[in-house]
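Everything below belongs to data-v3.pdb, which stores PDB, C-alpha atoms, pLDDT in the B column.
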ATOM      1  CA  MET A 265      14.078 -36.215  26.038  1.00 51.00           C
ATOM      2  CA  PRO A 266      11.100 -37.799  27.845  1.00 54.00           C
ATOM      3  CA  PRO A 267      10.758 -41.586  27.690  1.00 53.00           C
ATOM      4  CA  ALA A 268       8.387 -43.191  25.241  1.00 51.00           C
ATOM      5  CA  PRO A 269       5.425 -45.244  26.579  1.00 53.00           C
ATOM      6  CA  ASN A 270       7.492 -48.435  26.368  1.00 55.00           C
ATOM      7  CA  GLY A 271      10.253 -46.911  28.472  1.00 51.00           C
ATOM      8  CA  SER A 272      12.694 -46.231  25.642  1.00 50.00           C
ATOM      9  CA  PRO A 273      13.682 -42.662  24.732  1.00 51.00           C
ATOM     10  CA  ALA A 274      11.256 -40.878  22.417  1.00 48.00           C
ATOM     11  CA  THR A 275      12.499 -40.211  18.906  1.00 48.00           C
ATOM     12  CA  PRO A 276      11.937 -37.116  16.804  1.00 49.00           C
ATOM     13  CA  ALA A 277      10.096 -39.237  14.258  1.00 50.00           C
ATOM     14  CA  THR A 278       6.818 -37.445  15.033  1.00 49.00           C
ATOM     15  CA  ALA A 279       8.287 -33.991  14.328  1.00 50.00           C
ATOM     16  CA  PRO A 280       8.523 -34.157  10.525  1.00 71.00           C
ATOM     17  CA  PRO A 281       4.775 -34.801  10.016  1.00 70.00           C
ATOM     18  CA  ARG A 282       3.947 -31.796  12.169  1.00 67.00           C
ATOM     19  CA  ARG A 283       6.397 -29.674  10.222  1.00 78.00           C
ATOM     20  CA  ARG A 284       4.925 -30.957   6.970  1.00 83.00           C
ATOM     21  CA  ASP A 285       1.435 -30.037   8.154  1.00 84.00           C
ATOM     22  CA  ALA A 286       2.630 -26.571   9.154  1.00 87.00           C
ATOM     23  CA  ALA A 287       4.332 -26.084   5.789  1.00 90.00           C
ATOM     24  CA  ARG A 288       1.221 -27.303   3.984  1.00 92.00           C
ATOM     25  CA  ASN A 289      -1.027 -24.920   5.929  1.00 93.00           C
ATOM     26  CA  ARG A 290       1.329 -22.018   5.291  1.00 94.00           C
ATOM     27  CA  GLN A 291       1.420 -22.690   1.564  1.00 94.00           C
ATOM     28  CA  LEU A 292      -2.365 -23.117   1.443  1.00 95.00           C
ATOM     29  CA  LEU A 293      -2.790 -19.734   3.125  1.00 95.00           C
ATOM     30  CA  VAL A 294      -0.370 -18.105   0.680  1.00 95.00           C
ATOM     31  CA  ASP A 295      -2.082 -19.651  -2.354  1.00 95.00           C
ATOM     32  CA  THR A 296      -5.550 -18.710  -1.135  1.00 96.00           C
ATOM     33  CA  ALA A 297      -4.532 -15.168  -0.268  1.00 96.00           C
ATOM     34  CA  ARG A 298      -2.741 -14.757  -3.595  1.00 95.00           C
ATOM     35  CA  ASP A 299      -5.894 -15.769  -5.462  1.00 95.00           C
ATOM     36  CA  LEU A 300      -8.219 -13.532  -3.420  1.00 96.00           C
ATOM     37  CA  PHE A 301      -5.848 -10.566  -3.589  1.00 94.00           C
ATOM     38  CA  ALA A 302      -5.493 -10.944  -7.356  1.00 92.00           C
ATOM     39  CA  ARG A 303      -9.261 -10.945  -7.833  1.00 91.00           C
ATOM     40  CA  GLU A 304     -10.327  -8.435  -5.183  1.00 91.00           C
ATOM     41  CA  GLY A 305      -7.301  -6.446  -4.043  1.00 90.00           C
ATOM     42  CA  LEU A 306      -5.273  -6.297  -0.855  1.00 89.00           C
ATOM     43  CA  GLY A 307      -8.223  -5.285   1.316  1.00 90.00           C
ATOM     44  CA  VAL A 308      -9.637  -8.819   1.620  1.00 93.00           C
ATOM     45  CA  PRO A 309     -10.153  -9.530   5.357  1.00 94.00           C
ATOM     46  CA  LEU A 310      -7.604 -11.958   6.794  1.00 94.00           C
ATOM     47  CA  ASP A 311     -10.351 -13.928   8.526  1.00 94.00           C
ATOM     48  CA  ARG A 312     -11.972 -14.515   5.156  1.00 95.00           C
ATOM     49  CA  ILE A 313      -8.685 -15.807   3.760  1.00 96.00           C
ATOM     50  CA  ALA A 314      -8.407 -18.285   6.620  1.00 95.00           C
ATOM     51  CA  LYS A 315     -11.988 -19.451   6.079  1.00 95.00           C
ATOM     52  CA  ALA A 316     -11.476 -19.867   2.324  1.00 96.00           C
ATOM     53  CA  ALA A 317      -8.337 -21.901   3.005  1.00 95.00           C
ATOM     54  CA  GLY A 318     -10.196 -24.074   5.517  1.00 94.00           C
ATOM     55  CA  ILE A 319      -7.730 -23.107   8.230  1.00 93.00           C
ATOM     56  CA  GLY A 320      -8.368 -21.544  11.626  1.00 93.00           C
ATOM     57  CA  ASN A 321      -7.681 -17.892  12.291  1.00 92.00           C
ATOM     58  CA  ALA A 322      -5.156 -18.766  14.974  1.00 93.00           C
ATOM     59  CA  THR A 323      -3.092 -20.730  12.458  1.00 93.00           C
ATOM     60  CA  LEU A 324      -3.131 -17.836  10.003  1.00 94.00           C
ATOM     61  CA  TYR A 325      -1.964 -15.345  12.613  1.00 94.00           C
ATOM     62  CA  ARG A 326       0.703 -17.756  13.832  1.00 93.00           C
ATOM     63  CA  HIS A 327       2.206 -17.861  10.343  1.00 94.00           C
ATOM     64  CA  PHE A 328       1.457 -14.240   9.430  1.00 94.00           C
ATOM     65  CA  PRO A 329       0.988 -11.971  12.468  1.00 93.00           C
ATOM     66  CA  THR A 330       0.190  -8.964  10.264  1.00 91.00           C
ATOM     67  CA  ARG A 331      -1.299  -8.262   6.858  1.00 90.00           C
ATOM     68  CA  GLU A 332       2.025  -6.789   5.778  1.00 88.00           C
ATOM     69  CA  ALA A 333       3.807 -10.058   6.587  1.00 91.00           C
ATOM     70  CA  LEU A 334       1.384 -11.953   4.361  1.00 93.00           C
ATOM     71  CA  ILE A 335       1.692  -9.399   1.572  1.00 91.00           C
ATOM     72  CA  GLU A 336       5.483  -9.542   1.669  1.00 89.00           C
ATOM     73  CA  GLU A 337       5.384 -13.330   1.468  1.00 92.00           C
ATOM     74  CA  ILE A 338       3.048 -13.314  -1.524  1.00 92.00           C
ATOM     75  CA  PHE A 339       4.828 -10.593  -3.436  1.00 90.00           C
ATOM     76  CA  ALA A 340       8.391 -11.538  -2.485  1.00 87.00           C
ATOM     77  CA  ASP A 341       9.229 -12.157  -6.133  1.00 88.00           C
ATOM     78  CA  THR A 342       7.938  -8.725  -7.182  1.00 88.00           C
ATOM     79  CA  ARG A 343      11.382  -7.227  -6.596  1.00 87.00           C
ATOM     80  CA  THR A 344      12.840  -9.709  -9.077  1.00 91.00           C
ATOM     81  CA  VAL A 345      10.099  -9.132 -11.641  1.00 92.00           C
ATOM     82  CA  PHE A 346      10.523  -5.368 -11.474  1.00 92.00           C
ATOM     83  CA  ALA A 347      14.306  -5.716 -11.573  1.00 93.00           C
ATOM     84  CA  GLU A 348      14.031  -7.802 -14.742  1.00 95.00           C
ATOM     85  CA  ALA A 349      11.736  -5.196 -16.320  1.00 95.00           C
ATOM     86  CA  ALA A 350      14.229  -2.475 -15.388  1.00 96.00           C
ATOM     87  CA  ALA A 351      17.191  -4.433 -16.749  1.00 97.00           C
ATOM     88  CA  GLY A 352      15.378  -5.038 -20.028  1.00 96.00           C
ATOM     89  CA  ALA A 353      14.532  -1.367 -20.437  1.00 97.00           C
ATOM     90  CA  LEU A 354      18.000  -0.136 -19.502  1.00 97.00           C
ATOM     91  CA  ALA A 355      19.541  -2.547 -22.002  1.00 97.00           C
ATOM     92  CA  ASP A 356      17.552  -0.998 -24.868  1.00 97.00           C
ATOM     93  CA  PRO A 357      19.744   1.623 -26.576  1.00 97.00           C
ATOM     94  CA  ASP A 358      16.729   3.623 -27.756  1.00 98.00           C
ATOM     95  CA  GLY A 359      15.782   5.936 -24.884  1.00 97.00           C
ATOM     96  CA  TRP A 360      12.182   6.619 -25.890  1.00 97.00           C
ATOM     97  CA  ARG A 361      11.442   2.988 -26.735  1.00 97.00           C
ATOM     98  CA  ALA A 362      13.020   1.911 -23.437  1.00 98.00           C
ATOM     99  CA  LEU A 363      10.911   4.344 -21.416  1.00 97.00           C
ATOM    100  CA  CYS A 364       7.678   3.322 -23.126  1.00 96.00           C
ATOM    101  CA  GLY A 365       8.598  -0.352 -22.936  1.00 96.00           C
ATOM    102  CA  TYR A 366       9.232  -0.169 -19.216  1.00 97.00           C
ATOM    103  CA  PHE A 367       5.835   1.344 -18.456  1.00 96.00           C
ATOM    104  CA  GLU A 368       4.115  -1.094 -20.815  1.00 95.00           C
ATOM    105  CA  ARG A 369       5.790  -3.999 -19.022  1.00 94.00           C
ATOM    106  CA  ILE A 370       4.755  -2.753 -15.589  1.00 93.00           C
ATOM    107  CA  PHE A 371       1.222  -2.050 -16.751  1.00 93.00           C
ATOM    108  CA  THR A 372       0.968  -5.523 -18.275  1.00 92.00           C
ATOM    109  CA  LEU A 373       2.001  -7.096 -14.974  1.00 89.00           C
ATOM    110  CA  VAL A 374      -0.475  -5.007 -12.990  1.00 89.00           C
ATOM    111  CA  ALA A 375      -3.400  -5.314 -15.396  1.00 88.00           C
ATOM    112  CA  GLY A 376      -4.404  -8.832 -14.417  1.00 81.00           C
ATOM    113  CA  ASP A 377      -3.732  -8.618 -10.694  1.00 88.00           C
ATOM    114  CA  ARG A 378      -5.660  -6.267  -8.414  1.00 89.00           C
ATOM    115  CA  GLY A 379      -3.420  -7.120  -5.508  1.00 90.00           C
ATOM    116  CA  LEU A 380      -0.324  -6.080  -7.418  1.00 89.00           C
ATOM    117  CA  ASN A 381      -2.177  -2.960  -8.544  1.00 88.00           C
ATOM    118  CA  ASP A 382      -2.855  -2.069  -4.917  1.00 87.00           C
ATOM    119  CA  LEU A 383       0.740  -2.818  -4.046  1.00 85.00           C
ATOM    120  CA  VAL A 384       2.374  -0.563  -6.622  1.00 83.00           C
ATOM    121  CA  THR A 385      -0.010   2.316  -5.921  1.00 80.00           C
ATOM    122  CA  ALA A 386       0.152   2.026  -2.122  1.00 76.00           C
ATOM    123  CA  THR A 387       1.974   4.542   0.009  1.00 64.00           C
ATOM    124  CA  ALA A 388       5.275   3.292   1.390  1.00 56.00           C
ATOM    125  CA  ARG A 389       4.844   4.728   4.873  1.00 58.00           C
ATOM    126  CA  ASP A 390       5.799   2.294   7.625  1.00 58.00           C
ATOM    127  CA  SER A 391       6.668  -0.429   5.097  1.00 72.00           C
ATOM    128  CA  ARG A 392      10.285  -1.119   4.230  1.00 80.00           C
ATOM    129  CA  PHE A 393       9.141  -3.531   1.508  1.00 81.00           C
ATOM    130  CA  LEU A 394       6.989  -0.929  -0.263  1.00 81.00           C
ATOM    131  CA  ALA A 395       9.564   1.798   0.253  1.00 81.00           C
ATOM    132  CA  GLU A 396      12.244  -0.318  -1.405  1.00 85.00           C
ATOM    133  CA  LEU A 397       9.952  -1.171  -4.323  1.00 86.00           C
ATOM    134  CA  SER A 398       9.042   2.485  -4.804  1.00 86.00           C
ATOM    135  CA  GLU A 399      12.658   3.647  -4.618  1.00 87.00           C
ATOM    136  CA  ARG A 400      13.830   1.108  -7.175  1.00 90.00           C
ATOM    137  CA  ASN A 401      11.025   2.009  -9.552  1.00 91.00           C
ATOM    138  CA  ALA A 402      11.793   5.730  -9.217  1.00 91.00           C
ATOM    139  CA  ALA A 403      15.498   5.084  -9.826  1.00 94.00           C
ATOM    140  CA  THR A 404      14.720   3.140 -12.991  1.00 96.00           C
ATOM    141  CA  VAL A 405      12.398   5.820 -14.320  1.00 96.00           C
ATOM    142  CA  ALA A 406      14.971   8.508 -13.493  1.00 96.00           C
ATOM    143  CA  ALA A 407      17.664   6.705 -15.490  1.00 97.00           C
ATOM    144  CA  LEU A 408      15.314   6.224 -18.426  1.00 97.00           C
ATOM    145  CA  VAL A 409      14.250   9.874 -18.345  1.00 97.00           C
ATOM    146  CA  VAL A 410      17.854  11.107 -18.417  1.00 97.00           C
ATOM    147  CA  ARG A 411      18.759   8.917 -21.370  1.00 97.00           C
ATOM    148  CA  ALA A 412      15.652   9.806 -23.377  1.00 97.00           C
ATOM    149  CA  GLN A 413      16.311  13.498 -22.788  1.00 96.00           C
ATOM    150  CA  GLU A 414      19.940  13.100 -23.832  1.00 97.00           C
ATOM    151  CA  GLN A 415      18.688  11.534 -27.068  1.00 97.00           C
ATOM    152  CA  HIS A 416      16.187  14.399 -27.504  1.00 95.00           C
ATOM    153  CA  SER A 417      13.217  12.023 -27.525  1.00 96.00           C
ATOM    154  CA  LEU A 418      11.705  13.349 -24.274  1.00 96.00           C
ATOM    155  CA  ARG A 419      10.928  16.972 -23.549  1.00 93.00           C
ATOM    156  CA  THR A 420      13.612  18.485 -21.357  1.00 92.00           C
ATOM    157  CA  ASP A 421      11.299  20.188 -18.862  1.00 91.00           C
ATOM    158  CA  VAL A 422       9.819  16.862 -17.737  1.00 92.00           C
ATOM    159  CA  THR A 423      11.039  15.317 -14.471  1.00 92.00           C
ATOM    160  CA  THR A 424      10.864  11.815 -13.068  1.00 93.00           C
ATOM    161  CA  MET A 425       8.255  12.987 -10.566  1.00 91.00           C
ATOM    162  CA  ASP A 426       6.082  14.326 -13.399  1.00 92.00           C
ATOM    163  CA  LEU A 427       5.935  10.846 -14.873  1.00 93.00           C
ATOM    164  CA  LEU A 428       5.357   9.055 -11.586  1.00 90.00           C
ATOM    165  CA  ILE A 429       2.608  11.377 -10.361  1.00 88.00           C
ATOM    166  CA  LEU A 430       0.684  11.029 -13.630  1.00 90.00           C
ATOM    167  CA  MET A 431       1.169   7.287 -14.016  1.00 91.00           C
ATOM    168  CA  GLY A 432      -0.196   6.564 -10.531  1.00 86.00           C
ATOM    169  CA  PRO A 433      -3.846   7.486 -11.225  1.00 88.00           C
ATOM    170  CA  LEU A 434      -3.774   5.641 -14.548  1.00 91.00           C
ATOM    171  CA  VAL A 435      -2.523   2.482 -12.842  1.00 89.00           C
ATOM    172  CA  ARG A 436      -5.222   2.936 -10.214  1.00 86.00           C
ATOM    173  CA  ALA A 437      -7.864   3.096 -12.958  1.00 88.00           C
ATOM    174  CA  MET A 438      -6.711  -0.132 -14.604  1.00 87.00           C
ATOM    175  CA  PRO A 439      -9.198  -2.513 -12.920  1.00 84.00           C
ATOM    176  CA  ALA A 440     -12.096  -0.443 -14.271  1.00 83.00           C
ATOM    177  CA  LEU A 441     -10.464  -0.181 -17.695  1.00 85.00           C
ATOM    178  CA  THR A 442      -9.731  -3.895 -17.990  1.00 84.00           C
ATOM    179  CA  GLU A 443     -13.287  -4.764 -17.013  1.00 82.00           C
ATOM    180  CA  GLN A 444     -14.380  -3.043 -20.234  1.00 79.00           C
ATOM    181  CA  GLN A 445     -11.533  -4.335 -22.408  1.00 83.00           C
ATOM    182  CA  PRO A 446      -8.618  -6.618 -21.430  1.00 82.00           C
ATOM    183  CA  ASN A 447      -6.178  -4.142 -22.972  1.00 86.00           C
ATOM    184  CA  GLY A 448      -8.225  -1.038 -22.242  1.00 87.00           C
ATOM    185  CA  TRP A 449      -5.245   0.613 -20.541  1.00 91.00           C
ATOM    186  CA  ARG A 450      -3.074   0.706 -23.662  1.00 92.00           C
ATOM    187  CA  ARG A 451      -4.842   3.641 -25.315  1.00 92.00           C
ATOM    188  CA  PRO A 452      -4.701   6.038 -22.317  1.00 92.00           C
ATOM    189  CA  LEU A 453      -1.095   4.996 -21.628  1.00 94.00           C
ATOM    190  CA  ALA A 454      -0.106   5.779 -25.214  1.00 93.00           C
ATOM    191  CA  LEU A 455      -1.860   9.151 -25.025  1.00 93.00           C
ATOM    192  CA  LEU A 456      -0.177   9.977 -21.736  1.00 94.00           C
ATOM    193  CA  LEU A 457       3.286   9.023 -22.962  1.00 94.00           C
ATOM    194  CA  ASP A 458       2.767  11.011 -26.147  1.00 93.00           C
ATOM    195  CA  ALA A 459       2.343  14.145 -24.035  1.00 91.00           C
ATOM    196  CA  PHE A 460       5.991  13.819 -22.980  1.00 93.00           C
ATOM    197  CA  ARG A 461       7.420  13.962 -26.486  1.00 92.00           C
ATOM    198  CA  PRO A 462       9.587  16.971 -27.313  1.00 90.00           C
ATOM    199  CA  THR A 463       7.894  20.209 -28.354  1.00 79.00           C
ATOM    200  CA  ASP A 464       9.219  23.256 -30.154  1.00 70.00           C
ATOM    201  CA  GLY A 465       9.536  25.006 -26.788  1.00 64.00           C
ATOM    202  CA  THR A 466       6.586  27.330 -27.332  1.00 62.00           C
ATOM    203  CA  HIS A 467       4.443  25.602 -24.708  1.00 65.00           C
ATOM    204  CA  PRO A 468       6.562  25.301 -21.545  1.00 72.00           C
ATOM    205  CA  LEU A 469       5.086  23.568 -18.532  1.00 68.00           C
ATOM    206  CA  PRO A 470       3.660  25.970 -15.924  1.00 69.00           C
ATOM    207  CA  GLY A 471       4.717  25.927 -12.290  1.00 68.00           C
ATOM    208  CA  ALA A 472       7.434  23.954 -10.565  1.00 66.00           C
ATOM    209  CA  PRO A 473       7.691  20.154 -10.676  1.00 64.00           C
ATOM    210  CA  LEU A 474       6.752  18.089  -7.632  1.00 61.00           C
ATOM    211  CA  GLY A 475       9.762  17.147  -5.521  1.00 65.00           C
ATOM    212  CA  PRO A 476      10.394  13.491  -4.617  1.00 61.00           C
ATOM    213  CA  GLU A 477       9.738  14.232  -0.958  1.00 58.00           C
ATOM    214  CA  ARG A 478       6.161  15.257  -1.826  1.00 55.00           C
ATOM    215  CA  LEU A 479       5.258  12.276  -4.011  1.00 55.00           C
ATOM    216  CA  GLU A 480       4.219  10.073  -1.092  1.00 58.00           C
ATOM    217  CA  GLU A 481       2.012  12.814   0.340  1.00 59.00           C
ATOM    218  CA  ALA A 482       0.404  13.447  -3.041  1.00 55.00           C
ATOM    219  CA  PHE A 483      -0.471   9.781  -3.520  1.00 52.00           C
ATOM    220  CA  LEU A 484      -1.775   9.465   0.021  1.00 53.00           C
ATOM    221  CA  ASN A 485      -4.122  12.410  -0.503  1.00 53.00           C
ATOM    222  CA  LEU A 486      -5.179  11.105  -3.905  1.00 50.00           C
ATOM    223  CA  TRP A 487      -6.180   7.620  -2.685  1.00 50.00           C
ATOM    224  CA  GLU A 488      -8.012   9.020   0.327  1.00 54.00           C
ATOM    225  CA  ALA A 489      -9.942  11.563  -1.733  1.00 48.00           C
TER     226      ALA A 489
END
Spit out the file's structure as structure tokens when you get a sec.
Amino acid sequence: MPPAPNGSPATPATAPPRRRDAARNRQLLVDTARDLFAREGLGVPLDRIAKAAGIGNATLYRHFPTREALIEEIFADTRTVFAEAAAGALADPDGWRALCGYFERIFTLVAGDRGLNDLVTATARDSRFLAELSERNAATVAALVVRAQEQHSLRTDVTTMDLLILMGPLVRAMPALTEQQPNGWRRPLALLLDAFRPTDGTHPLPGAPLGPERLEEAFLNLWEA
């Protein structure tokens, strides 16, 4: 340890303030980014986030070298929120009510947050965080589908991928819908879910269902269209 100006050993007393400043800057960046993402989506430029927080670009990149690192920090609790929604749905003994309730819960969470909307409709390529979120969501929907079909409240020719591929575009449309009405998504969601109710079997679905390995490709093509 180098000597202090008076000749005595320097103490680490100056370190805590620097750490406090670093922690404050990091939290300010997270709060600012969270607000901008919620209002405008995940595409907000990182430089703009730094400027809005009143912090230099170098400081932002020191804390968050990539956009993904910042996104993971902001949405770290999303896993818990989705897990709680899944647990609530799986605890409901009524299969149809559980399935509808799960989608309503997810849609409610996404409706007021464009950043979360972007997150749940993003492709999971090259992102372990998004891949894990997508896999857990698919597993929950799969369990709910099986139970609803066992209770004869969901048509038997419907697959988990059918639900996921149709819900994606509706989630993507939510910002436009909520601009017109805060709960403008509830009507199209109810109509979409109603299409999955059991039929008398006289109108079978045409073609083969999309396999899980093709879901990512389908979403990627959809968002780039």
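Closest approach to A:Ile335 among A:Trp360, A:Tyr366, A:Phe460, A:Phe301 is made by A:Phe301 (distances from all atoms listed in the file).
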Skipping near chain neighbours, those fewer than 3 positions away, what residues fall within 12 Å of A:Ala333 using all atoms listed in the file, listed as a list in words?
->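 In the requested form, the answer reads Val294, Ala297, Leu310, Leu324, Tyr325, Arg326, His327, Phe328, Pro329, Thr330, Glu336, Glu337, Ile338, Phe339, Ala340, Ser391, Arg392, Phe393 and Leu394 of chain A.
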What does the file look like for those residues with C-alpha atoms, as an mmCIF file, in the frame of the given file?
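Now in part-v1.cif:
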data_model
loop_
_atom_site.group_PDB
_atom_site.id
_atom_site.type_symbol
_atom_site.label_atom_id
_atom_site.label_comp_id
_atom_site.auth_asym_id
_atom_site.auth_seq_id
_atom_site.Cartn_x
_atom_site.Cartn_y
_atom_site.Cartn_z
ATOM 1 C CA VAL A 294 -0.370 -18.105 0.680
ATOM 2 C CA ALA A 297 -4.532 -15.168 -0.268
ATOM 3 C CA LEU A 310 -7.604 -11.958 6.794
ATOM 4 C CA LEU A 324 -3.131 -17.836 10.003
ATOM 5 C CA TYR A 325 -1.964 -15.345 12.613
ATOM 6 C CA ARG A 326 0.703 -17.756 13.832
ATOM 7 C CA HIS A 327 2.206 -17.861 10.343
ATOM 8 C CA PHE A 328 1.457 -14.240 9.430
ATOM 9 C CA PRO A 329 0.988 -11.971 12.468
ATOM 10 C CA THR A 330 0.190 -8.964 10.264
ATOM 11 C CA GLU A 336 5.483 -9.542 1.669
ATOM 12 C CA GLU A 337 5.384 -13.330 1.468
ATOM 13 C CA ILE A 338 3.048 -13.314 -1.524
ATOM 14 C CA PHE A 339 4.828 -10.593 -3.436
ATOM 15 C CA ALA A 340 8.391 -11.538 -2.485
ATOM 16 C CA SER A 391 6.668 -0.429 5.097
ATOM 17 C CA ARG A 392 10.285 -1.119 4.230
ATOM 18 C CA PHE A 393 9.141 -3.531 1.508
ATOM 19 C CA LEU A 394 6.989 -0.929 -0.263
#
Straight-line distance linking atom CA of A:Gly352 with atom CA of A:Arg400, stated in Å to one decimal = 14.3 Å
Counting all atoms listed in the file, note down every residue that has an atom within 7 Å of the point (-0.1, 1.2, -20.6) (file coordinates), as JSON, numbers by chain.
-> {"A": [367, 368, 371, 449, 450, 452, 453, 454]}
So what does the PyMOL selection byres ((chain A and resi 438-443) around 9) actually pick up in this one, as a count of residues only?
-> 18
Which is closest to A:Thr420 among A:Pro281, A:Pro468, A:Gly365, A:Gly307, if we use only C-alpha atoms?
-> A:Pro468
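Counting all atoms listed in the file and comparing A:Arg419, A:Asp458, A:Val409, A:Met431, the residue that lies closest to A:Ala362 is A:Val409.
Taking atom CA of A:Leu427 and atom CA of A:Leu380 as endpoints, the distance between them is 19.5 Å.
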What is the distance between atom CA of A:Leu354 and atom CA of A:Arg411, in Å to one decimal?
->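 One can read the atom CA of A:Leu354 to atom CA of A:Arg411 distance as 9.3 Å.
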Counting only C-alpha atoms, figure out which residue out of A:Arg451, A:Asp358, A:Ala349, A:Ile313 gets nearest to A:Thr404.
-> A:Ala349
Which polymer residues, protein or nucleic acid, are no farther than 10 Å from (5.7, 11.1, -16.4), counting only C-alpha atoms, as a PyMOL selection string?
-> chain A and resi 363+367+405+409+422-432+456-457+459-460
Can you pull out every residue within 12 Å of A:Asp464, counting all atoms listed in the file, but drop anything in the same chain fewer than 2 positions away, and send it as a count of residues only?
-> 10
Find the residue from A:Leu293, A:Leu408, A:Leu300, A:Thr385 that sits nearest to A:Asp356; use all atoms listed in the file when measuring.
-> A:Leu408
Taking the block above, write stretch 405-411 of chain A with all heavy atoms as an mmCIF file, in the first residue's frame.
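This is the output file decode-v6.cif:
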data_model
loop_
_atom_site.group_PDB
_atom_site.id
_atom_site.type_symbol
_atom_site.label_atom_id
_atom_site.label_comp_id
_atom_site.auth_asym_id
_atom_site.auth_seq_id
_atom_site.Cartn_x
_atom_site.Cartn_y
_atom_site.Cartn_z
ATOM 1 N N VAL A 405 -47.288 -23.658 -21.191
ATOM 2 C CA VAL A 405 -48.419 -23.768 -22.120
ATOM 3 C C VAL A 405 -48.681 -25.223 -22.466
ATOM 4 O O VAL A 405 -49.831 -25.670 -22.533
ATOM 5 C CB VAL A 405 -48.157 -22.934 -23.396
ATOM 6 C CG1 VAL A 405 -49.279 -23.158 -24.419
ATOM 7 C CG2 VAL A 405 -48.068 -21.455 -23.045
ATOM 8 N N ALA A 406 -47.624 -26.004 -22.659
ATOM 9 C CA ALA A 406 -47.782 -27.424 -22.987
ATOM 10 C C ALA A 406 -48.527 -28.160 -21.878
ATOM 11 O O ALA A 406 -49.434 -28.965 -22.140
ATOM 12 C CB ALA A 406 -46.416 -28.061 -23.220
ATOM 13 N N ALA A 407 -48.159 -27.889 -20.632
ATOM 14 C CA ALA A 407 -48.827 -28.550 -19.504
ATOM 15 C C ALA A 407 -50.298 -28.138 -19.422
ATOM 16 O O ALA A 407 -51.172 -28.972 -19.144
ATOM 17 C CB ALA A 407 -48.107 -28.201 -18.203
ATOM 18 N N LEU A 408 -50.562 -26.881 -19.683
ATOM 19 C CA LEU A 408 -51.942 -26.393 -19.625
ATOM 20 C C LEU A 408 -52.776 -26.970 -20.771
ATOM 21 O O LEU A 408 -53.959 -27.280 -20.595
ATOM 22 C CB LEU A 408 -51.953 -24.861 -19.664
ATOM 23 C CG LEU A 408 -51.327 -24.166 -18.452
ATOM 24 C CD1 LEU A 408 -51.235 -22.659 -18.694
ATOM 25 C CD2 LEU A 408 -52.124 -24.448 -17.189
ATOM 26 N N VAL A 409 -52.171 -27.109 -21.928
ATOM 27 C CA VAL A 409 -52.867 -27.687 -23.079
ATOM 28 C C VAL A 409 -53.261 -29.130 -22.791
ATOM 29 O O VAL A 409 -54.401 -29.551 -23.026
ATOM 30 C CB VAL A 409 -51.981 -27.605 -24.346
ATOM 31 C CG1 VAL A 409 -52.500 -28.536 -25.441
ATOM 32 C CG2 VAL A 409 -51.930 -26.172 -24.860
ATOM 33 N N VAL A 410 -52.317 -29.915 -22.284
ATOM 34 C CA VAL A 410 -52.588 -31.325 -21.982
ATOM 35 C C VAL A 410 -53.746 -31.451 -20.997
ATOM 36 O O VAL A 410 -54.665 -32.260 -21.190
ATOM 37 C CB VAL A 410 -51.327 -32.007 -21.426
ATOM 38 C CG1 VAL A 410 -51.662 -33.382 -20.860
ATOM 39 C CG2 VAL A 410 -50.275 -32.142 -22.516
ATOM 40 N N ARG A 411 -53.726 -30.661 -19.947
ATOM 41 C CA ARG A 411 -54.772 -30.786 -18.937
ATOM 42 C C ARG A 411 -56.130 -30.368 -19.476
ATOM 43 O O ARG A 411 -57.139 -31.022 -19.219
ATOM 44 C CB ARG A 411 -54.426 -29.958 -17.699
ATOM 45 C CG ARG A 411 -55.372 -30.236 -16.539
ATOM 46 C CD ARG A 411 -54.898 -29.613 -15.260
ATOM 47 N NE ARG A 411 -54.723 -28.184 -15.380
ATOM 48 C CZ ARG A 411 -54.342 -27.403 -14.370
ATOM 49 N NH1 ARG A 411 -54.046 -27.940 -13.202
ATOM 50 N NH2 ARG A 411 -54.215 -26.107 -14.535
#
